[in-house]
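Visitor: My structure is in data.txt, and what it holds is compact mmCIF, C-alpha atoms:
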# COMPACT_ATOMS: atom_id res chain seq x y z
CA MET A 1 -3.20 108.07 -62.18
CA ALA A 2 -1.30 105.07 -63.40
CA ASN A 3 -0.05 107.21 -66.26
CA LYS A 4 2.15 109.15 -63.88
CA PRO A 5 5.69 109.36 -65.26
CA LEU A 6 8.32 107.36 -63.46
CA THR A 7 10.49 110.42 -63.04
CA ARG A 8 7.93 111.79 -60.58
CA SER A 9 7.22 108.55 -58.80
CA GLY A 10 10.25 108.28 -56.60
CA ILE A 11 12.46 106.26 -58.94
CA ASP A 12 16.08 107.19 -59.36
CA ALA A 13 16.68 109.33 -62.45
CA SER A 14 19.42 107.10 -63.86
CA ILE A 15 17.18 104.04 -63.65
CA CYS A 16 14.35 105.99 -65.27
CA SER A 17 16.50 106.83 -68.27
CA LEU A 18 17.61 103.19 -68.60
CA LEU A 19 14.01 102.03 -68.50
CA ALA A 20 12.94 104.72 -70.95
CA ASN A 21 15.21 103.06 -73.52
CA ILE A 22 12.92 100.02 -73.54
CA GLY A 23 9.75 102.06 -73.57
CA ILE A 24 8.96 102.10 -69.86
CA SER A 25 8.12 105.68 -68.96
CA THR A 26 4.99 105.54 -66.79
CA VAL A 27 3.97 103.68 -63.65
CA ARG A 28 1.57 101.57 -65.71
CA ASP A 29 4.39 100.47 -68.00
CA LEU A 30 6.55 99.49 -65.05
CA LEU A 31 3.87 97.48 -63.30
CA ASN A 32 3.03 95.64 -66.52
CA THR A 33 6.62 94.64 -67.23
CA SER A 34 8.18 91.44 -65.93
CA PRO A 35 10.74 91.92 -63.12
CA LEU A 36 13.33 89.93 -65.09
CA LEU A 37 13.29 92.42 -67.94
CA ILE A 38 13.68 95.32 -65.51
CA MET A 39 16.57 93.55 -63.76
CA LEU A 40 18.34 93.01 -67.08
CA HIS A 41 17.94 96.54 -68.45
CA ALA A 42 18.26 98.59 -65.30
CA ASP A 43 20.99 96.39 -63.84
CA VAL A 44 19.31 96.02 -60.47
CA SER A 45 18.63 93.08 -58.19
CA LEU A 46 15.25 91.43 -57.73
CA GLU A 47 14.91 92.98 -54.30
CA GLU A 48 15.46 96.42 -55.76
CA VAL A 49 12.85 95.75 -58.45
CA ASN A 50 10.31 94.73 -55.81
CA GLN A 51 11.17 97.83 -53.82
CA MET A 52 10.61 99.99 -56.91
CA MET A 53 7.25 98.37 -57.62
CA LYS A 54 6.15 98.96 -54.03
CA CYS A 55 7.32 102.56 -54.13
CA VAL A 56 5.46 103.48 -57.33
CA SER A 57 2.32 101.64 -56.21
CA GLU A 58 2.21 103.70 -53.04
CA LYS A 59 2.52 106.86 -55.10
CA ILE A 60 -0.52 106.17 -57.23
CA VAL A 61 -2.88 104.31 -54.91
CA PRO A 62 -6.03 106.38 -54.28
CA GLN A 63 -6.43 107.39 -50.67
CA PRO A 64 -9.54 105.96 -49.00
CA SER A 65 -11.97 108.28 -47.29
CA THR A 66 -13.55 107.60 -43.96
CA ALA A 67 -17.11 108.25 -42.88
CA LEU A 68 -15.75 110.79 -40.40
CA SER A 69 -14.02 112.76 -43.15
CA TYR A 70 -17.27 112.75 -45.16
CA LEU A 71 -19.17 114.14 -42.16
CA GLN A 72 -16.56 116.82 -41.55
CA GLU A 73 -16.57 117.72 -45.25
CA ARG A 74 -20.34 118.01 -45.25
CA SER A 75 -20.34 120.49 -42.41
CA THR A 76 -17.83 122.73 -44.20
CA MET A 77 -19.00 122.38 -47.80
CA GLU A 78 -22.38 122.97 -49.29
CA LYS A 79 -23.66 119.70 -50.65
CA TYR A 80 -27.13 120.87 -51.62
CA ILE A 81 -28.94 123.43 -53.71
CA SER A 82 -32.11 124.72 -52.09
CA THR A 83 -35.34 124.08 -53.99
CA GLY A 84 -36.79 127.41 -52.87
CA ILE A 85 -39.44 125.59 -50.83
CA GLN A 86 -38.41 125.65 -47.19
CA SER A 87 -40.41 122.69 -45.89
CA LEU A 88 -39.30 120.53 -48.81
CA ASP A 89 -35.67 121.50 -48.17
CA GLU A 90 -36.09 120.41 -44.56
CA GLY A 91 -37.64 117.13 -45.67
CA LEU A 92 -34.78 116.51 -48.11
CA LYS A 93 -32.20 117.44 -45.45
CA GLY A 94 -30.99 120.41 -47.45
CA GLY A 95 -32.41 120.34 -50.96
CA LEU A 96 -31.27 118.90 -54.28
CA LEU A 97 -28.16 116.82 -53.70
CA LEU A 98 -25.16 117.99 -55.71
CA GLY A 99 -23.47 115.48 -57.98
CA THR A 100 -26.63 113.40 -58.39
CA ILE A 101 -29.74 113.17 -60.54
CA THR A 102 -33.05 114.17 -59.02
CA ASP A 103 -36.12 113.04 -60.90
CA ILE A 104 -39.53 114.67 -60.55
CA CYS A 105 -42.47 112.85 -62.07
CA GLY A 106 -46.18 113.47 -62.30
CA ALA A 107 -49.11 113.63 -64.66
CA ALA A 108 -49.47 116.51 -67.07
CA GLY A 109 -50.33 119.89 -65.61
CA LEU A 110 -49.37 119.25 -62.01
CA GLY A 111 -46.45 121.66 -61.97
CA LYS A 112 -43.23 119.84 -62.82
CA THR A 113 -41.94 122.66 -65.00
CA GLN A 114 -43.05 125.19 -62.35
CA PHE A 115 -40.97 123.30 -59.84
CA CYS A 116 -38.00 123.43 -62.19
CA ILE A 117 -38.38 127.18 -62.58
CA SER A 118 -38.66 127.59 -58.82
CA CYS A 119 -35.37 125.72 -58.33
CA LEU A 120 -33.80 127.72 -61.14
CA VAL A 121 -34.67 131.09 -59.57
CA GLN A 122 -33.46 129.87 -56.20
CA ALA A 123 -30.15 128.64 -57.63
CA LEU A 124 -29.47 131.92 -59.41
CA THR A 125 -30.31 134.19 -56.48
CA PRO A 126 -27.75 134.45 -53.70
CA ASN A 127 -28.71 134.83 -50.06
CA THR A 128 -27.40 138.28 -49.43
CA THR A 129 -26.47 140.99 -51.88
CA ILE A 130 -25.79 140.49 -55.54
CA ASP A 131 -22.47 141.84 -56.71
CA MET A 132 -22.63 141.69 -60.47
CA SER A 133 -18.95 142.38 -60.80
CA GLN A 134 -18.28 138.90 -59.42
CA SER A 135 -17.33 136.45 -62.11
CA ASN A 136 -18.27 133.38 -60.11
CA LEU A 137 -22.03 133.80 -59.84
CA PRO A 138 -23.91 130.54 -60.38
CA SER A 139 -25.40 129.57 -63.73
CA VAL A 140 -27.98 127.08 -64.86
CA VAL A 141 -28.10 124.97 -68.00
CA TYR A 142 -31.70 124.41 -69.10
CA ILE A 143 -32.21 121.59 -71.57
CA ASP A 144 -35.62 122.02 -73.11
CA ALA A 145 -36.98 118.97 -74.92
CA GLU A 146 -40.59 120.07 -74.84
CA LEU A 147 -39.89 123.42 -76.54
CA LYS A 148 -41.93 125.32 -73.97
CA PHE A 149 -39.27 127.37 -72.21
CA ASP A 150 -40.73 130.78 -71.32
CA PRO A 151 -38.64 133.50 -69.62
CA THR A 152 -41.73 135.56 -68.68
CA ARG A 153 -42.76 133.00 -66.07
CA ILE A 154 -39.21 133.07 -64.67
CA ILE A 155 -39.44 136.86 -64.36
CA GLU A 156 -42.83 136.58 -62.63
CA ILE A 157 -41.64 134.05 -60.09
CA ALA A 158 -38.36 135.89 -59.46
CA THR A 159 -40.13 139.20 -58.93
CA ASN A 160 -42.67 137.74 -56.51
CA LEU A 161 -40.27 135.48 -54.64
CA TYR A 162 -37.42 137.94 -54.28
CA PRO A 163 -38.87 141.44 -54.63
CA GLN A 164 -35.91 142.83 -52.69
CA PHE A 165 -33.70 142.01 -55.66
CA TYR A 166 -35.92 141.92 -58.71
CA SER A 167 -38.81 144.32 -58.09
CA SER A 168 -38.52 147.91 -59.33
CA ARG A 169 -40.49 149.05 -56.29
CA TYR A 170 -37.63 148.10 -53.99
CA ARG A 171 -34.56 148.62 -56.12
CA ALA A 172 -33.72 150.99 -58.90
CA ASP A 173 -31.35 148.53 -60.58
CA ALA A 174 -33.85 145.63 -60.43
CA PRO A 175 -34.16 145.41 -64.25
CA HIS A 176 -30.37 145.07 -64.52
CA LEU A 177 -30.34 142.31 -61.91
CA LEU A 178 -33.13 140.52 -63.76
CA ASP A 179 -31.24 140.78 -67.04
CA HIS A 180 -28.10 139.52 -65.37
CA MET A 181 -29.97 136.58 -63.88
CA LEU A 182 -31.51 135.69 -67.23
CA SER A 183 -28.11 135.91 -68.91
CA ARG A 184 -26.86 133.18 -66.59
CA ILE A 185 -29.42 130.69 -67.88
CA LYS A 186 -28.01 128.74 -70.84
CA VAL A 187 -30.95 127.33 -72.78
CA ARG A 188 -30.47 124.41 -75.09
CA HIS A 189 -33.18 122.89 -77.24
CA VAL A 190 -32.53 119.23 -77.99
CA THR A 191 -34.71 116.80 -79.82
CA THR A 192 -33.27 113.40 -78.98
CA CYS A 193 -31.50 111.84 -76.06
CA SER A 194 -28.42 111.04 -78.11
CA LEU A 195 -28.02 114.70 -78.93
CA ASN A 196 -28.44 115.58 -75.29
CA CYS A 197 -25.80 113.06 -74.30
CA HIS A 198 -23.50 114.44 -76.95
CA TYR A 199 -24.03 117.97 -75.60
CA CYS A 200 -23.30 116.83 -72.06
CA MET A 201 -20.11 115.11 -73.14
CA LYS A 202 -19.13 118.25 -75.02
CA ILE A 203 -19.58 120.26 -71.84
CA ASP A 204 -17.36 117.68 -70.22
CA GLN A 205 -14.65 117.95 -72.80
CA THR A 206 -14.40 121.61 -73.60
CA THR A 207 -13.54 124.64 -71.55
CA GLU A 208 -17.18 125.71 -71.66
CA LYS A 209 -17.68 123.84 -68.43
CA HIS A 210 -16.12 126.32 -66.11
CA ARG A 211 -17.72 129.21 -67.90
CA GLY A 212 -21.12 127.60 -68.26
CA ILE A 213 -21.67 125.84 -64.99
CA ASN A 214 -20.45 127.46 -61.84
CA TYR A 215 -21.35 126.25 -58.45
CA ARG A 216 -22.27 128.99 -56.05
CA ASN A 217 -19.23 130.34 -54.18
CA GLN A 218 -17.07 127.50 -55.34
CA PRO A 219 -16.39 127.95 -59.02
CA ILE A 220 -12.71 127.33 -58.46
CA ARG A 221 -13.64 123.87 -57.27
CA ILE A 222 -14.54 122.78 -60.78
CA HIS A 223 -11.34 124.11 -62.20
CA HIS A 224 -9.36 122.54 -59.41
CA HIS A 225 -10.96 119.17 -59.90
CA LEU A 226 -10.11 119.12 -63.57
CA ARG A 227 -6.61 120.36 -62.95
CA SER A 228 -6.09 117.85 -60.18
CA CYS A 229 -7.07 115.07 -62.57
CA GLN A 230 -4.48 116.38 -64.97
CA PHE A 231 -1.93 116.85 -62.24
CA SER A 232 -2.33 113.37 -60.87
CA ASP A 233 -1.05 112.14 -64.21
CA TYR A 234 1.60 114.82 -64.31
CA MET B 1 -28.78 121.53 -64.90
CA ILE B 2 -32.47 121.19 -65.63
CA ILE B 3 -33.75 118.69 -68.20
CA ASP B 4 -37.38 119.16 -69.20
CA SER B 5 -38.22 116.39 -69.78
CA ILE B 6 -35.99 113.33 -69.87
CA ALA B 7 -38.96 111.09 -70.71
CA THR B 8 -39.67 113.01 -73.94
CA LEU B 9 -36.06 112.69 -75.01
CA ILE B 10 -35.84 108.98 -74.33
CA ARG B 11 -39.18 108.20 -75.94
CA LYS B 12 -38.10 109.99 -79.10
CA GLU B 13 -35.30 107.49 -79.51
CA GLN B 14 -37.88 104.78 -80.34
CA LEU B 15 -35.94 101.92 -78.88
CA VAL B 16 -36.95 98.31 -78.74
CA GLU B 17 -37.32 96.67 -75.35
CA LYS B 18 -33.90 95.02 -75.40
CA GLU B 19 -32.03 98.27 -76.09
CA LYS B 20 -33.77 100.32 -73.43
CA GLU B 21 -31.91 99.13 -70.37
CA THR B 22 -28.46 99.72 -71.88
CA PHE B 23 -29.55 103.08 -73.22
CA PHE B 24 -30.91 104.27 -69.85
CA LEU B 25 -27.73 103.22 -68.11
CA GLN B 26 -25.59 105.04 -70.67
CA GLN B 27 -27.62 108.23 -70.29
CA ALA B 28 -27.55 108.04 -66.53
CA THR B 29 -23.80 107.43 -66.53
CA ALA B 30 -23.15 110.44 -68.75
CA LEU B 31 -25.32 112.67 -66.59
CA LYS B 32 -23.89 111.45 -63.30
CA HIS B 33 -20.36 111.87 -64.58
CA LEU B 34 -21.14 115.45 -65.53
CA ALA B 35 -22.84 116.10 -62.20
CA GLU B 36 -19.84 114.84 -60.25
CA LEU B 37 -17.31 116.60 -62.44
CA CYS B 38 -19.00 119.99 -62.20
CA ASN B 39 -20.41 119.45 -58.71
CA CYS B 40 -23.83 120.49 -59.93
CA ALA B 41 -27.31 119.15 -59.26
CA ILE B 42 -29.24 117.68 -62.18
CA LEU B 43 -33.02 118.00 -62.06
CA ALA B 44 -34.92 115.98 -64.65
CA THR B 45 -38.67 115.98 -65.13
CA ASN B 46 -40.31 112.68 -65.89
CA GLN B 47 -43.79 111.69 -66.94
CA VAL B 48 -46.20 108.94 -65.90
CA MET B 49 -47.59 105.87 -67.58
CA PRO B 50 -50.95 104.31 -66.79
CA VAL B 51 -51.22 101.04 -64.90
CA ILE B 52 -53.49 98.59 -66.64
CA HIS B 53 -55.05 96.03 -64.35
CA THR B 54 -56.17 92.80 -65.92
CA SER B 55 -57.90 89.86 -64.32
CA ASN B 56 -54.90 87.66 -65.09
CA PRO B 57 -52.32 87.96 -62.27
CA TYR B 58 -49.51 86.90 -64.59
CA THR B 59 -49.97 89.88 -66.87
CA ASP B 60 -50.95 92.39 -64.23
CA GLN B 61 -48.58 95.28 -64.42
CA HIS B 62 -48.24 96.39 -60.85
CA PRO B 63 -44.56 95.94 -60.09
CA GLU B 64 -43.05 95.73 -56.65
CA TRP B 65 -40.18 98.02 -57.44
CA LEU B 66 -42.12 101.19 -56.82
CA GLY B 67 -44.45 100.23 -54.03
CA ASP B 68 -47.44 102.53 -54.31
CA SER B 69 -48.78 103.60 -57.63
CA ILE B 70 -49.98 107.16 -58.02
CA TYR B 71 -53.73 107.56 -58.00
CA ASP B 72 -54.92 110.58 -59.94
CA VAL B 73 -58.30 111.82 -58.75
CA ILE B 74 -58.92 114.00 -61.75
CA THR B 75 -58.77 111.20 -64.30
CA GLY B 76 -59.56 108.35 -61.90
CA MET B 77 -56.62 106.30 -63.14
CA GLU B 78 -53.58 104.79 -61.54
CA TYR B 79 -50.16 105.79 -62.78
CA LEU B 80 -46.56 104.78 -62.38
CA PRO B 81 -43.54 106.95 -63.12
CA ALA B 82 -42.49 106.57 -66.75
CA LEU B 83 -39.31 104.87 -67.97
CA GLY B 84 -39.67 101.87 -65.69
CA PRO B 85 -37.50 100.24 -63.03
CA THR B 86 -34.13 100.85 -64.72
CA TRP B 87 -34.53 104.61 -64.59
CA HIS B 88 -35.90 104.32 -61.05
CA HIS B 89 -32.57 102.79 -60.04
CA CYS B 90 -30.54 105.34 -62.01
CA VAL B 91 -31.85 108.40 -60.21
CA THR B 92 -30.73 109.24 -56.69
CA THR B 93 -33.76 111.19 -55.52
CA ARG B 94 -37.31 110.95 -56.83
CA LEU B 95 -40.11 113.42 -56.18
CA ILE B 96 -43.65 112.48 -57.20
CA MET B 97 -46.43 114.95 -57.94
CA SER B 98 -49.98 113.72 -57.71
CA SER B 99 -53.47 115.05 -57.14
CA GLY B 100 -55.89 114.09 -54.38
CA THR B 101 -59.01 115.58 -52.85
CA ASN B 102 -59.29 117.92 -49.92
CA SER B 103 -62.66 119.01 -48.73
CA VAL B 104 -62.57 122.71 -48.04
CA GLY B 105 -65.20 124.13 -45.72
CA GLY B 106 -66.47 120.79 -44.38
CA ALA B 107 -69.37 118.67 -45.53
CA GLY B 108 -71.93 120.45 -43.36
CA VAL B 109 -71.25 123.87 -44.81
CA GLY B 110 -71.59 122.69 -48.40
CA GLY B 111 -67.84 122.57 -48.63
CA ASP B 112 -66.01 123.02 -51.90
CA GLN B 113 -64.17 119.93 -53.12
CA ARG B 114 -60.74 121.13 -54.13
CA PHE B 115 -58.20 119.01 -55.84
CA LEU B 116 -55.16 119.17 -53.62
CA ARG B 117 -51.85 118.65 -55.32
CA THR B 118 -49.36 116.60 -53.37
CA LEU B 119 -45.59 116.43 -53.67
CA THR B 120 -44.13 113.23 -52.22
CA ILE B 121 -40.52 112.29 -51.60
CA GLY B 122 -40.63 108.88 -53.28
CA LYS B 123 -36.97 107.94 -53.18
CA SER B 124 -34.09 109.54 -51.33
CA PRO B 125 -30.81 108.30 -49.87
CA ILE B 126 -31.35 110.09 -46.56
CA ALA B 127 -34.81 111.66 -46.41
CA PRO B 128 -37.80 109.70 -45.09
CA LYS B 129 -40.92 109.44 -47.25
CA ARG B 130 -43.06 112.55 -46.71
CA SER B 131 -45.83 114.34 -48.55
CA TYR B 132 -46.54 118.03 -48.91
CA GLY B 133 -49.69 119.69 -50.20
CA TYR B 134 -48.96 122.57 -52.56
CA GLN B 135 -50.44 125.12 -54.90
CA ILE B 136 -49.08 126.86 -57.94
CA THR B 137 -48.99 130.60 -57.31
CA ALA B 138 -47.30 133.69 -58.64
CA GLN B 139 -44.33 132.77 -56.49
CA GLY B 140 -44.04 129.36 -58.13
CA ILE B 141 -44.76 126.37 -55.91
CA THR B 142 -46.19 127.24 -52.49
CA VAL B 143 -46.40 124.49 -49.91
CA LEU B 144 -49.52 124.57 -47.74
CA GLU B 145 -48.80 124.21 -44.04
Would you put the structure from the file into structure tokens?

Guide:
Amino acid sequence: MANKPLTRSGIDASICSLLANIGISTVRDLLNTSPLLIMLHADVSLEEVNQMMKCVSEKIVPQPSTALSYLQERSTMEKYISTGIQSLDEGLKGGLLLGTITDICGAAGLGKTQFCISCLVQALTPNTTIDMSQSNLPSVVYIDAELKFDPTRIIEIATNLYPQFYSSRYRADAPHLLDHMLSRIKVRHVTTCSLNCHYCMKIDQTTEKHRGINYRNQPIRIHHHLRSCQFSDY
Amino acid sequence: MIIDSIATLIRKEQLVEKEKETFFLQQATALKHLAELCNCAILATNQVMPVIHTSNPYTDQHPEWLGDSIYDVITGMEYLPALGPTWHHCVTTRLIMSSGTNSVGGAGVGGDQRFLRTLTIGKSPIAPKRSYGYQITAQGITVLE
């Protein structure tokens, strides 16, 4: 945000062009330059320099949030993804918290991967009807380090948990819905943590992120967030 | 995003003790940054490591950072979540799966000792610690009421 150009930070255009001659074009440059230099090159008084500094600082300072705004946001936005297990969702006050890491640990064979698949099916299945023409249906990225990813178990759980969508006995287009669900799971086999980190940073940096990971009903939110980061420097 | 399992990935790095803390923090930072950027939930599976009790209290491994260790009835051993205290602080929510016993049918009827699997909320910013008995069924994980 400190890279915001001076021309969009409330400084007079003539002064901006004078300062640009000595290499001051962003808010950061201005705040890092001594007032004396600015007075000399922009031909302004010390008071005017201080006024300029105050003005640009106010433009870029991040706005604090209050606890009340958080509470109001929470009631309007979904902050959780359901795990598919109702009593666990109640215990967790909603489910898996968005924007955080949830860790599930246990000895071998107790069902950690089954839990993952349960969450996966839940995340990919909307509450009401599925409209496959929508481009903003949620997706899941599955990073498989143990090389044991098996789509047949996903199909079994999906068919038994949501027969109204995925069972041929209830719907003629159930196979299509199953295929569509499976197509929204991006599977990645990685062998080391460094590679995984690299993949995550790649998701971060490329446009794959708003194609690959869409949050249910709010895909535009990702796009907006990125654009707003760009725009705050614009 | 589901990572199965983060413990396997980190262990494959073969780090020495000194490097581990920095490495965990770097991984956690990258994942959290991604989670916040994309507003997605990240679910990572972890493993367990055995607790070795010795008679010497100075080398006894039971740390205070976790509280209760996980007692596994099937093997009779105590376990702690893998990757240690640094990873415990990196994650926001921790769910622990363990196995205990539940006598089905009662002792008088020659009841069948079943191993009941338990899912516990070990760490959460807002949820109190609770346990749920569950089974693995065709529908995935089914919590027993």

Visitor: Near Ile121 in chain B, counting only C-alpha atoms, which residues have an atom at most 12 Å away, once you skip same-chain residues fewer than 6 positions from it, shown as a list of chain:residue names?

Guide: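 So, after excluding close chain neighbours, the residues are A:Ser87, A:Leu88, A:Asp89, A:Glu90, A:Gly91, A:Leu92, A:Lys93, A:Gly95, A:Leu96, A:Thr102, A:Asp103, A:Ile104, A:Cys105, B:Thr92, B:Thr93, B:Arg94, B:Leu95, B:Ile96, B:Met97, B:Ser98, B:Ala127, B:Pro128, B:Lys129, B:Arg130, B:Ser131, B:Tyr132, B:Gly133.
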
Visitor: Taking 4 positions as the minimum chain separation for residues in the same chain, which residues sit within 9 Å of range 154-166 of chain A when counting only C-alpha atoms? Answer as a PyMOL selection string.

Guide: (chain A and resi 84+117-118+120-122+125+129-130+150+170-171+173-178+182) or (chain B and resi 137-140)

Visitor: Please compute the CA of Gly109 in chain A-CA of Met77 in chain B distance, one decimal, in Å.

Guide: 15.2 Å

Visitor: Could you produce a table of the residues of chain B lying within 7 Å of chain A, with the nearest pair of atoms per residue and their separation in Å rounded to one decimal, using all atoms listed in the file, ordered by chain and increasing residue number, as a Markdown table?

Guide:
| residue | atom | partner | partner_atom | distance |
| --- | --- | --- | --- | --- |
| B:Met1 | CA | A:Val141 | CA | 4.7 |
| B:Ile2 | CA | A:Tyr142 | CA | 4.8 |
| B:Ile3 | CA | A:Ile143 | CA | 4.7 |
| B:Asp4 | CA | A:Asp144 | CA | 5.2 |
| B:Ser5 | CA | A:Ala145 | CA | 5.9 |
| B:Thr8 | CA | A:Ala145 | CA | 6.6 |
| B:Leu9 | CA | A:Cys193 | CA | 4.8 |
| B:Ile10 | CA | A:Cys193 | CA | 5.5 |
| B:Lys12 | CA | A:Thr192 | CA | 5.9 |
| B:Glu13 | CA | A:Thr192 | CA | 6.3 |
| B:Gln27 | CA | A:Cys197 | CA | 6.5 |
| B:Ala30 | CA | A:Cys197 | CA | 6.7 |
| B:Lys32 | CA | A:Thr100 | CA | 6.0 |
| B:Leu34 | CA | A:Asp204 | CA | 6.4 |
| B:Ala35 | CA | A:Gly99 | CA | 4.3 |
| B:Glu36 | CA | A:Gly99 | CA | 4.3 |
| B:Leu37 | CA | A:Ile222 | CA | 7.0 |
| B:Cys38 | CA | A:Ile222 | CA | 5.4 |
| B:Asn39 | CA | A:Gly99 | CA | 5.1 |
| B:Cys40 | CA | A:Leu98 | CA | 5.1 |
| B:Ala41 | CA | A:Leu98 | CA | 4.3 |
| B:Ile42 | CA | A:Ile101 | CA | 4.8 |
| B:Leu43 | CA | A:Thr102 | CA | 4.9 |
| B:Ala44 | CA | A:Asp103 | CA | 4.9 |
| B:Thr45 | CA | A:Ile104 | CA | 4.8 |
| B:Asn46 | CA | A:Cys105 | CA | 4.4 |
| B:Gln47 | CA | A:Cys105 | CA | 5.2 |
| B:Val48 | CA | A:Ala107 | CA | 5.7 |
| B:Pro81 | CA | A:Cys105 | CA | 6.1 |
| B:Val91 | CA | A:Ile101 | CA | 5.2 |
| B:Thr92 | CA | A:Ile101 | CA | 5.6 |
| B:Thr93 | CA | A:Thr102 | CA | 4.7 |
| B:Arg94 | CA | A:Asp103 | CA | 4.7 |
| B:Leu95 | CA | A:Ile104 | CA | 4.6 |
| B:Ile96 | CA | A:Cys105 | CA | 5.0 |
| B:Met97 | CA | A:Gly106 | CA | 4.6 |
| B:Ser98 | CA | A:Gly106 | CA | 6.0 |
| B:Ala127 | CA | A:Leu92 | CA | 5.1 |
| B:Ala138 | CA | A:Ile157 | CA | 5.9 |
| B:Gln139 | CA | A:Ile157 | CA | 4.7 |
| B:Gly140 | CA | A:Ile157 | CA | 5.6 |
| B:Ile141 | CA | A:Phe115 | CA | 6.3 |

Visitor: Pick out the closest residue to Arg11 in chain B from this set: B:Leu119, B:Ala82, B:Asp72, B:Gly100. Count all atoms listed in the file.

Guide: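 Among the listed residues, the smallest separation from Arg11 in chain B belongs to B:Ala82.
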
Visitor: Between CA of Ser124 in chain B and CA of Glu73 in chain A, what is the spacing in Å?

Guide: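 Between CA of Glu73 in chain A and CA of Ser124 in chain B the gap is 20.3 Å.
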